[in-house]
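Structure file run.txt (compact mmCIF, C-alpha atoms) is printed below.
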```txt
# COMPACT_ATOMS: atom_id res chain seq x y z
CA MET J 1 83.03 77.90 -79.95
CA ASN J 2 82.73 74.42 -78.52
CA ALA J 3 83.30 73.30 -74.94
CA ALA J 4 86.94 72.31 -75.50
CA GLU J 5 87.84 75.72 -76.88
CA GLU J 6 86.11 77.37 -73.91
CA LEU J 7 88.32 75.34 -71.63
CA LYS J 8 91.39 76.35 -73.63
CA GLN J 9 90.43 80.03 -73.24
CA SER J 10 89.85 79.73 -69.50
CA PHE J 11 92.95 77.64 -68.73
CA PRO J 12 95.58 78.20 -71.42
CA GLU J 13 98.27 76.80 -69.14
CA SER J 14 96.54 73.50 -68.31
CA VAL J 15 94.95 72.65 -71.66
CA THR J 16 97.75 71.78 -74.08
CA GLY J 17 95.63 71.11 -77.13
CA VAL J 18 92.10 71.00 -78.52
CA GLY J 19 90.63 69.03 -81.36
CA LEU J 20 87.88 66.65 -82.39
CA GLN J 21 87.50 63.01 -81.55
CA THR J 22 84.79 61.29 -83.63
CA ASN J 23 83.21 64.75 -84.14
CA LYS J 24 83.16 65.44 -80.43
CA PRO J 25 85.22 68.24 -78.85
CA LEU J 26 88.40 66.97 -77.25
CA ALA J 27 90.78 68.74 -74.87
CA VAL J 28 94.21 67.40 -73.99
CA VAL J 29 94.91 68.21 -70.36
CA LYS J 30 98.05 68.15 -68.23
CA LYS J 31 97.69 65.31 -65.78
CA GLU J 32 98.48 67.50 -62.72
CA ASP J 33 95.50 69.77 -63.51
CA LEU J 34 92.97 67.06 -64.43
CA LEU J 35 90.99 67.30 -61.18
CA MET J 36 90.73 71.10 -61.44
CA ILE J 37 89.68 70.97 -65.11
CA ALA J 38 87.13 68.24 -64.38
CA GLY J 39 85.65 70.44 -61.65
CA LYS J 40 85.28 73.22 -64.22
CA VAL J 41 83.76 70.75 -66.69
CA LYS J 42 81.17 69.76 -64.11
CA GLU J 43 80.34 73.45 -63.53
CA MET J 44 79.83 73.85 -67.29
CA GLY J 45 76.90 71.42 -67.02
CA PHE J 46 78.48 68.10 -68.02
CA ASP J 47 76.68 66.03 -65.42
CA ASN J 48 77.46 62.55 -66.75
CA LEU J 49 80.80 60.76 -67.01
CA SER J 50 79.92 58.03 -69.48
CA VAL J 51 83.17 56.19 -70.24
CA VAL J 52 86.74 56.09 -68.99
CA THR J 53 89.12 54.55 -71.52
CA GLY J 54 92.74 53.58 -71.10
CA ILE J 55 94.94 53.05 -74.14
CA ASP J 56 98.43 51.56 -74.33
CA TYR J 57 100.58 53.25 -77.01
CA VAL J 58 103.69 51.21 -76.07
CA ASP J 59 105.75 54.33 -75.25
CA HIS J 60 103.03 56.08 -73.27
CA PHE J 61 99.51 55.63 -71.93
CA GLU J 62 96.43 57.73 -72.59
CA VAL J 63 93.29 58.00 -70.48
CA ILE J 64 90.22 59.48 -72.16
CA TYR J 65 87.23 60.72 -70.15
CA ASN J 66 83.96 61.08 -72.06
CA PHE J 67 81.49 63.55 -70.55
CA PHE J 68 77.90 64.23 -71.57
CA SER J 69 75.51 66.99 -70.64
CA TYR J 70 71.89 65.92 -70.41
CA ASN J 71 70.61 69.52 -70.38
CA ASN J 72 72.62 70.86 -73.32
CA LYS J 73 72.90 67.54 -75.20
CA GLN J 74 76.64 68.10 -75.61
CA ASN J 75 79.65 65.82 -75.57
CA LEU J 76 83.16 66.55 -74.32
CA ALA J 77 86.23 64.38 -74.07
CA LEU J 78 89.24 65.01 -71.86
CA LYS J 79 92.52 63.27 -72.56
CA VAL J 80 95.54 62.93 -70.31
CA ILE J 81 98.86 61.51 -71.44
CA LEU J 82 100.76 59.40 -68.90
CA GLU J 83 104.32 58.14 -68.90
CA ARG J 84 105.06 54.46 -69.51
CA GLU J 85 106.51 53.67 -66.11
CA ASN J 86 103.96 53.62 -63.26
CA PRO J 87 101.11 55.48 -64.95
CA ALA J 88 99.07 57.33 -62.33
CA VAL J 89 96.49 60.11 -62.42
CA ASP J 90 94.10 61.75 -59.97
CA SER J 91 90.78 59.99 -59.42
CA LEU J 92 87.56 61.78 -60.38
CA PHE J 93 85.60 59.95 -57.69
CA SER J 94 85.16 63.13 -55.64
CA LEU J 95 83.30 64.73 -58.57
CA TYR J 96 81.56 61.80 -60.26
CA LYS J 97 80.46 58.78 -58.24
CA VAL J 98 80.41 56.66 -61.40
CA ALA J 99 84.17 57.03 -61.66
CA ASP J 100 84.40 54.38 -58.94
CA TRP J 101 83.67 51.43 -61.22
CA LEU J 102 84.95 52.99 -64.46
CA GLU J 103 88.35 53.64 -62.95
CA ARG J 104 88.45 50.21 -61.36
CA GLU J 105 87.87 48.70 -64.79
CA THR J 106 90.64 50.82 -66.32
CA TYR J 107 92.94 49.79 -63.50
CA ASP J 108 91.99 46.15 -63.93
CA LEU J 109 92.58 45.86 -67.67
CA VAL J 110 95.19 48.53 -68.44
CA GLY J 111 96.85 48.95 -65.08
CA ILE J 112 96.57 52.70 -64.60
CA ARG J 113 96.58 53.76 -60.96
CA PHE J 114 94.07 56.40 -59.87
CA SER J 115 95.36 58.19 -56.79
CA GLY J 116 92.61 59.12 -54.36
CA HIS J 117 90.32 56.28 -55.43
CA PRO J 118 88.58 54.83 -52.35
CA ASN J 119 88.68 51.16 -53.41
CA LEU J 120 91.11 50.54 -56.26
CA VAL J 121 90.86 46.74 -56.66
CA ARG J 122 90.14 44.55 -59.68
CA ILE J 123 86.52 44.54 -60.85
CA LEU J 124 86.35 41.98 -63.70
CA LEU J 125 89.27 39.63 -63.15
CA PRO J 126 89.72 37.83 -59.83
CA ASP J 127 92.25 39.05 -57.30
CA GLY J 128 95.59 37.35 -57.83
CA TRP J 129 95.48 37.54 -61.63
CA GLU J 130 98.90 38.39 -62.93
CA GLY J 131 99.28 41.21 -65.40
CA HIS J 132 96.88 43.66 -67.01
CA PRO J 133 95.50 41.99 -70.15
CA LEU J 134 94.94 44.99 -72.40
CA ARG J 135 98.56 46.07 -72.17
CA LYS J 136 100.69 45.36 -75.21
CA ASP J 137 103.31 43.52 -73.16
CA TYR J 138 100.82 41.13 -71.51
CA ASP J 139 102.16 37.57 -71.61
CA MET J 140 99.63 35.61 -73.67
CA ASN J 141 101.60 32.37 -73.43
CA LYS J 142 100.99 32.01 -69.72
CA GLU J 143 97.57 30.45 -69.19
CA GLN J 144 95.85 31.29 -65.93
CA TRP J 145 92.94 29.30 -64.49
CA VAL J 146 90.36 30.12 -61.88
CA THR J 147 88.97 27.75 -59.26
CA ILE J 148 86.53 28.32 -56.41
CA GLY J 149 87.88 28.16 -52.86
CA GLU J 150 86.24 26.98 -49.67
CA ASP J 151 84.43 30.25 -49.02
CA GLY J 152 83.45 30.85 -52.63
CA GLU J 153 86.39 33.10 -53.38
CA ASP J 154 88.23 32.90 -56.69
CA ILE J 155 91.68 31.33 -56.68
CA VAL J 156 94.00 31.91 -59.63
CA SER J 157 96.39 29.13 -60.59
CA THR J 158 98.66 28.57 -63.55
CA ASP J 159 98.51 24.76 -63.75
CA GLY J 160 94.76 24.32 -64.02
CA SER J 161 94.52 21.79 -61.18
CA GLY J 162 91.02 21.28 -59.86
CA ILE J 163 89.39 22.57 -63.03
CA LEU J 164 90.85 20.70 -66.02
CA ARG J 165 89.79 17.14 -66.81
CA ARG J 166 92.36 14.41 -66.52
CA LYS J 167 92.91 13.05 -69.99
CA MET B 1 56.12 -42.98 -31.34
CA ASP B 2 59.53 -42.76 -32.78
CA PRO B 3 60.73 -39.38 -33.67
CA VAL B 4 61.04 -38.90 -37.36
CA THR B 5 64.59 -38.54 -38.36
CA ILE B 6 65.66 -37.28 -41.71
CA ASP B 7 68.97 -38.36 -43.03
CA THR B 8 70.14 -35.30 -44.86
CA THR B 9 73.02 -37.11 -46.43
CA LYS B 10 70.61 -39.11 -48.58
CA ILE B 11 68.98 -36.07 -50.18
CA LYS B 12 70.51 -35.28 -53.50
CA THR B 13 70.86 -31.55 -54.04
CA GLU B 14 72.69 -31.90 -57.29
CA LYS B 15 71.61 -29.40 -59.92
CA LYS B 16 72.06 -30.19 -63.54
CA GLU B 17 73.95 -27.60 -65.53
CA PRO B 18 71.85 -26.45 -68.50
CA GLU B 19 73.51 -27.54 -71.70
CA THR B 20 71.22 -27.26 -74.67
CA ALA B 21 69.68 -23.97 -75.72
CA LEU B 22 66.22 -25.07 -74.58
CA GLU B 23 67.50 -26.02 -71.15
CA LYS B 24 69.19 -22.67 -70.84
CA LEU B 25 65.95 -20.93 -71.72
CA GLU B 26 64.06 -22.95 -69.13
CA ASP B 27 66.72 -22.14 -66.59
CA THR B 28 66.02 -18.43 -66.91
CA GLY B 29 62.45 -18.96 -65.77
CA LEU B 30 61.18 -17.00 -68.72
CA ILE B 31 58.98 -19.77 -70.08
CA SER B 32 57.24 -20.47 -66.80
CA THR B 33 56.64 -16.75 -66.36
CA LEU B 34 55.15 -16.54 -69.82
CA LEU B 35 52.94 -19.55 -69.28
CA ALA B 36 51.75 -18.20 -65.93
CA ALA B 37 50.94 -14.89 -67.57
CA ARG B 38 48.98 -16.68 -70.32
CA GLU B 39 46.95 -18.58 -67.75
CA ARG B 40 45.96 -15.31 -66.16
CA LYS B 41 45.12 -13.93 -69.64
CA GLY B 42 47.63 -11.13 -69.12
CA LEU B 43 49.52 -9.21 -71.73
CA VAL B 44 53.23 -9.79 -72.08
CA LEU B 45 55.81 -7.32 -73.34
CA LEU B 46 59.20 -8.76 -74.08
CA THR B 47 62.15 -6.35 -73.96
CA THR B 48 65.47 -5.77 -72.31
CA ILE B 49 65.88 -3.64 -69.22
CA ASP B 50 68.33 -1.38 -71.02
CA GLN B 51 65.90 -0.73 -73.82
CA VAL B 52 63.14 0.29 -71.43
CA PHE B 53 65.43 2.50 -69.36
CA ASN B 54 66.97 4.15 -72.39
CA TRP B 55 63.56 4.78 -73.88
CA ALA B 56 62.39 6.37 -70.64
CA ARG B 57 65.50 8.49 -70.39
CA LEU B 58 65.53 9.81 -73.92
CA SER B 59 61.83 10.54 -73.89
CA SER B 60 61.96 12.96 -70.98
CA LEU B 61 65.30 14.73 -71.01
CA TRP B 62 65.05 17.65 -68.65
CA PRO B 63 67.62 20.35 -69.37
CA VAL B 64 68.98 22.61 -66.68
CA THR B 65 68.21 26.30 -67.08
CA SER B 66 71.63 27.73 -67.76
CA GLY B 67 72.68 30.06 -70.52
CA LEU B 68 76.04 31.74 -70.73
CA ALA B 69 75.86 34.05 -73.75
CA CYS B 70 74.00 34.70 -76.98
CA CYS B 71 73.44 31.00 -77.73
CA ALA B 72 71.07 31.06 -74.76
CA ILE B 73 68.83 33.39 -76.77
CA GLU B 74 68.70 30.66 -79.39
CA MET B 75 67.88 28.17 -76.63
CA MET B 76 64.84 30.28 -75.76
CA ALA B 77 63.83 30.22 -79.43
CA VAL B 78 64.11 26.43 -79.41
CA ALA B 79 61.93 26.23 -76.32
CA MET B 80 59.24 28.55 -77.70
CA ALA B 81 56.19 27.43 -79.64
CA HIS B 82 57.57 27.74 -83.19
CA HIS B 83 60.37 25.17 -82.86
CA ASP B 84 58.85 23.60 -79.74
CA ILE B 85 61.38 21.39 -77.98
CA ALA B 86 58.40 19.94 -76.09
CA ARG B 87 58.02 17.50 -78.98
CA PHE B 88 60.96 15.66 -77.45
CA GLY B 89 59.65 15.79 -73.89
CA MET B 90 62.19 18.48 -72.99
CA GLU B 91 60.00 21.48 -72.36
CA ILE B 92 60.65 21.53 -68.64
CA PHE B 93 63.82 23.53 -68.13
CA ARG B 94 64.59 22.78 -64.50
CA ALA B 95 65.86 25.60 -62.35
CA SER B 96 67.82 23.17 -60.20
CA PRO B 97 70.63 20.99 -61.57
CA ARG B 98 69.58 18.25 -59.15
CA GLN B 99 66.36 17.71 -61.09
CA ALA B 100 67.96 17.87 -64.52
CA ASP B 101 69.78 15.27 -66.57
CA LEU B 102 70.91 17.32 -69.56
CA MET B 103 73.00 20.47 -69.69
CA PHE B 104 73.26 22.77 -72.66
CA VAL B 105 76.52 24.67 -72.46
CA ALA B 106 75.13 27.56 -74.47
CA GLY B 107 77.69 30.28 -74.93
CA THR B 108 81.16 31.50 -74.12
CA VAL B 109 82.76 29.80 -71.12
CA THR B 110 85.08 32.34 -69.56
CA LYS B 111 87.84 31.32 -67.19
CA ARG B 112 85.95 32.82 -64.29
CA MET B 113 82.68 31.07 -65.20
CA ALA B 114 84.37 27.72 -65.82
CA PRO B 115 84.44 26.50 -62.18
CA ARG B 116 80.75 27.41 -61.86
CA VAL B 117 79.88 25.42 -64.98
CA LYS B 118 81.87 22.48 -63.64
CA LEU B 119 80.09 22.77 -60.29
CA LEU B 120 76.73 22.82 -62.05
CA TYR B 121 77.67 19.65 -63.92
CA GLU B 122 78.85 17.92 -60.77
CA MET B 123 75.60 18.78 -58.99
CA MET B 124 73.52 16.99 -61.61
CA ALA B 125 72.48 13.42 -60.74
CA GLU B 126 73.52 10.45 -62.87
CA PRO B 127 72.76 9.67 -65.64
CA LYS B 128 73.61 13.02 -67.21
CA TRP B 129 74.50 14.30 -70.62
CA VAL B 130 76.07 17.48 -71.93
CA ILE B 131 75.48 19.21 -75.26
CA SER B 132 78.03 21.85 -76.18
CA VAL B 133 76.37 24.51 -78.32
CA GLY B 134 78.08 27.03 -80.53
CA SER B 135 81.64 27.79 -81.57
CA CYS B 136 82.57 29.33 -78.23
CA ALA B 137 81.67 26.32 -76.13
CA ASN B 138 83.13 23.90 -78.68
CA THR B 139 86.57 25.41 -79.23
CA GLY B 140 86.63 28.97 -77.96
CA GLY B 141 85.48 30.20 -81.35
CA PRO B 142 86.14 33.87 -82.06
CA TYR B 143 87.68 34.21 -78.59
CA HIS B 144 90.22 31.43 -79.06
CA GLU B 145 93.11 33.91 -78.78
CA SER B 146 91.64 35.57 -75.71
CA TYR B 147 93.23 35.59 -72.29
CA CYS B 148 90.02 34.87 -70.42
CA VAL B 149 88.05 32.32 -72.48
CA LEU B 150 88.26 28.55 -72.13
CA LYS B 151 89.35 26.82 -75.34
CA GLY B 152 86.47 24.38 -75.42
CA VAL B 153 84.23 23.30 -72.56
CA ASP B 154 85.45 19.72 -73.00
CA ASN B 155 88.57 20.83 -71.17
CA ILE B 156 86.57 20.72 -67.94
CA ILE B 157 83.54 18.44 -68.44
CA PRO B 158 82.82 15.52 -70.81
CA VAL B 159 80.63 16.47 -73.78
CA ASP B 160 78.30 14.10 -75.66
CA VAL B 161 77.21 16.16 -78.65
CA TYR B 162 78.79 19.23 -80.23
CA ILE B 163 76.55 21.58 -82.23
CA PRO B 164 78.53 23.97 -84.46
CA GLY B 165 77.29 27.42 -85.39
CA CYS B 166 77.58 30.97 -84.19
CA PRO B 167 74.94 30.70 -82.90
CA PRO B 168 73.39 27.50 -84.34
CA ARG B 169 69.93 27.89 -85.77
CA PRO B 170 67.13 26.15 -83.84
CA GLU B 171 66.97 23.48 -86.55
CA ALA B 172 70.62 22.64 -85.92
CA TRP B 173 69.86 22.60 -82.23
CA LEU B 174 67.02 20.11 -82.71
CA TYR B 175 69.27 17.97 -84.93
CA GLY B 176 71.80 17.86 -82.10
CA VAL B 177 69.05 16.80 -79.70
CA ILE B 178 68.07 13.98 -82.07
CA GLN B 179 71.72 12.87 -82.22
CA LEU B 180 71.80 12.73 -78.42
CA ARG B 181 68.61 10.64 -78.42
CA GLU B 182 70.25 8.22 -80.84
CA LYS B 183 73.25 8.04 -78.53
CA ILE B 184 71.13 7.36 -75.44
CA LYS B 185 69.20 4.70 -77.34
CA ASN B 186 72.44 2.77 -77.87
CA GLU B 187 73.74 2.93 -74.32
CA GLY B 188 74.01 0.12 -71.78
CA TYR B 189 74.99 -3.59 -71.78
CA GLY B 190 72.26 -4.51 -74.22
CA ALA B 191 73.93 -2.43 -76.89
CA LYS B 192 77.17 -4.33 -76.36
CA TRP B 193 75.36 -7.66 -76.81
CA GLY B 194 73.44 -6.43 -79.83
CA LEU B 195 70.07 -6.58 -78.08
CA ASN B 196 69.08 -2.93 -78.32
CA LYS B 197 68.63 -2.76 -82.05
```

Could the structure of this file be written out as C-alpha cells, please?
Amino acid sequence: MNAAEELKQSFPESVTGVGLQTNKPLAVVKKEDLLMIAGKVKEMGFDNLSVVTGIDYVDHFEVIYNFFSYNNKQNLALKVILERENPAVDSLFSLYKVADWLERETYDLVGIRFSGHPNLVRILLPDGWEGHPLRKDYDMNKEQWVTIGEDGEDIVSTDGSGILRRK
Amino acid sequence: MDPVTIDTTKIKTEKKEPETALEKLEDTGLISTLLAARERKGLVLLTTIDQVFNWARLSSLWPVTSGLACCAIEMMAVAMAHHDIARFGMEIFRASPRQADLMFVAGTVTKRMAPRVKLLYEMMAEPKWVISVGSCANTGGPYHESYCVLKGVDNIIPVDVYIPGCPPRPEAWLYGVIQLREKIKNEGYGAKWGLNK
C-alpha cells in the first residue's frame, strides 16, 4: 500500500481519489481539507516540498504539490482542483517554509491565490505587470516593457518609452 | 635719435592661394617636416590618423564581462586556451563597462533584463561596439513567441555584428570578431576619402 492509499484509508471523506502520476502515488484532495491532509503528510515523514505546480485547464485550475521523504526515499503528490473564478487555496507556509517562494511563483504565473500566505506578491515578474502569463486567456498581443525608475525599481509600461530605440 | 617708426600699411600680408598640386603639398608643411626629419636622420612613418587610431582600437578590443544565458558558456570557451581570443588582443574581459569598448550580448535578453543591458551599454565610453551572439539576442530565437523575451537586442541598442547559432561554436564567434575588426578598420573620415585601404 503506497502513501496515497494510506491517506485514503485514514481520511476517506477528504481524499476523493488516488492514482499514479508518473509512477508516483497521487492523492486528489478536497481544497477545504488540504492544510489538514498536508499536516498528516508531514507526520508521515515527507519532510520536503519540492515543487508546487499550477495548471490551467480552461474550465478549472489544478494545483499539484510534490512531496519527498529523505528518510524513506518516497514520493507523494497531492492535487487540489479549484474553480475557474477566483481560484484560492490554503497556504502551506505554516508547515513548509519553502512554500513561501513556490506559492509566490504559482501566484505570479498562474494567478492562484494562497490564503494565509505572509507575503503574496510577484516573484519573477515586476510589480505592475498585467495578467498572469501561464493562463490560457493571457493576452499575448499586448506587449509590456520594463524600465528602471529613479530608485532602481521596475516600472512596467505598454509603449516601450525609455527602452526602445528610436528608428 | 629719432624713434623708429614702422608704417604697417606698407607691409604686404598677402598670402598666395596654393593652386598647383605641388604648391598644395608644400602648403601642408609635410615636405618641410620630412626634410627636417631627414636632416636629423630620423625615421618617418607616413599614415593617416584614422588608420593609426583604427589599428589601435581593433588590436586591443576589451570586452565587458557580461553573459546572459548559455551563450556565455561559449564565451568562456572562446576565452580559454584552446580557442584563445587573446590572439586578437581581447583576453582582458573587463569587469567594469567604463573600461570596456566591446559588449557581447551573449544570451536571451528578457524584458526585465533589457533596461540593465541598455544601462550597461550606455555606461561604456565611446568608441564602443556591440556583437549580438546567438539566436536569442538576434531575433528572440526559440523564445520569439514568449511574453517576456525581447525580440532582438537591436530593439534597444545598436548592434554591429550578428553571430547566428544556438549557441554559435567558438569558431563562428571568432569569425564574428574578425568581421568586427574589418568593420573597425574601415571606420572614420579616411575611409570616406579612400585613404584607409

Inset, instruction - Starting from chain J, keep only residues with some atom at most 6 Å from an atom of chain B, counting all atoms listed in the file, and report them as a ChimeraX atom specification. - result: /J:146-147,163-165

Next, the residues of the selection above should be written as a short mmCIF file (atom, residue, chain, number, x, y, z; two decimals), in the coordinates of the input with C-alpha atoms.
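Generated file (again_31.cif):
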```cif
data_model
loop_
_atom_site.label_atom_id
_atom_site.label_comp_id
_atom_site.auth_asym_id
_atom_site.auth_seq_id
_atom_site.Cartn_x
_atom_site.Cartn_y
_atom_site.Cartn_z
CA VAL J 146 90.36 30.12 -61.88
CA THR J 147 88.97 27.75 -59.26
CA ILE J 163 89.39 22.57 -63.03
CA LEU J 164 90.85 20.70 -66.02
CA ARG J 165 89.79 17.14 -66.81
#
```

Legend entry - Of the listed residues J:Ser115, J:Ser50, J:Ser10, J:Asn141, that which approaches Tyr70 (chain J) most closely, counting only C-alpha atoms: J:Ser50

Inset, instruction - Write out as a PyMOL selection string the residues lying within 8 Å of region 136-143 of chain B, counting only C-alpha atoms and excluding same-chain residues fewer than 3 positions away. - result: chain B and resi 105-109+132-133+146+149-154+162-164+166

Inset, instruction - Within 7 Å of Val28 (chain J), counting only C-alpha atoms, which residues show up once you throw out same-chain ones fewer than 3 positions away? Write them as number ranges by chain, please. - result: J: 15-18, 78-80

Inset, instruction - Would you list the contacts of Leu26 (chain J) as a list in words, taking every protein, DNA or RNA residue within 7 Å and counting all atoms listed in the file, but skipping same-chain residues closer than 3 positions in sequence? - result: Ala4, Val18, Gly19, Leu20, Gln21, Leu76, Ala77 and Leu78 of chain J

Those selected residues, please, written with C-alpha atoms and delivered as a PDB file, in the frame of the given file.
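Saved as part37.pdb:
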```pdb
ATOM      1  CA  ALA J   4      86.940  72.310 -75.500  1.00  0.00           C
ATOM      2  CA  VAL J  18      92.100  71.000 -78.520  1.00  0.00           C
ATOM      3  CA  GLY J  19      90.630  69.030 -81.360  1.00  0.00           C
ATOM      4  CA  LEU J  20      87.880  66.650 -82.390  1.00  0.00           C
ATOM      5  CA  GLN J  21      87.500  63.010 -81.550  1.00  0.00           C
ATOM      6  CA  LEU J  76      83.160  66.550 -74.320  1.00  0.00           C
ATOM      7  CA  ALA J  77      86.230  64.380 -74.070  1.00  0.00           C
ATOM      8  CA  LEU J  78      89.240  65.010 -71.860  1.00  0.00           C
TER       9      LEU J  78
END
```

Inset, instruction - Please identify all polymer residues within 10 Å of Gly111 (chain J), counting only C-alpha atoms, omitting same-chain residues fewer than 3 positions from it, and present them as a PyMOL selection string. - result: chain J and resi 54+56+61+86-88+103-108+114+122+131-135

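From CA of Glu130 (chain J) back to CA of Gln144 (chain J), the distance works out to 8.3 Å.
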
Legend entry - Atom pair CA of Glu5 (chain J) / CA of Leu49 (chain J): separation (Å): 19.3 Å

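Considering all atoms listed in the file, the residue among B:Cys70, B:Leu61, B:Lys16, B:Ile31 positioned nearest to Ser135 (chain B) is B:Cys70.
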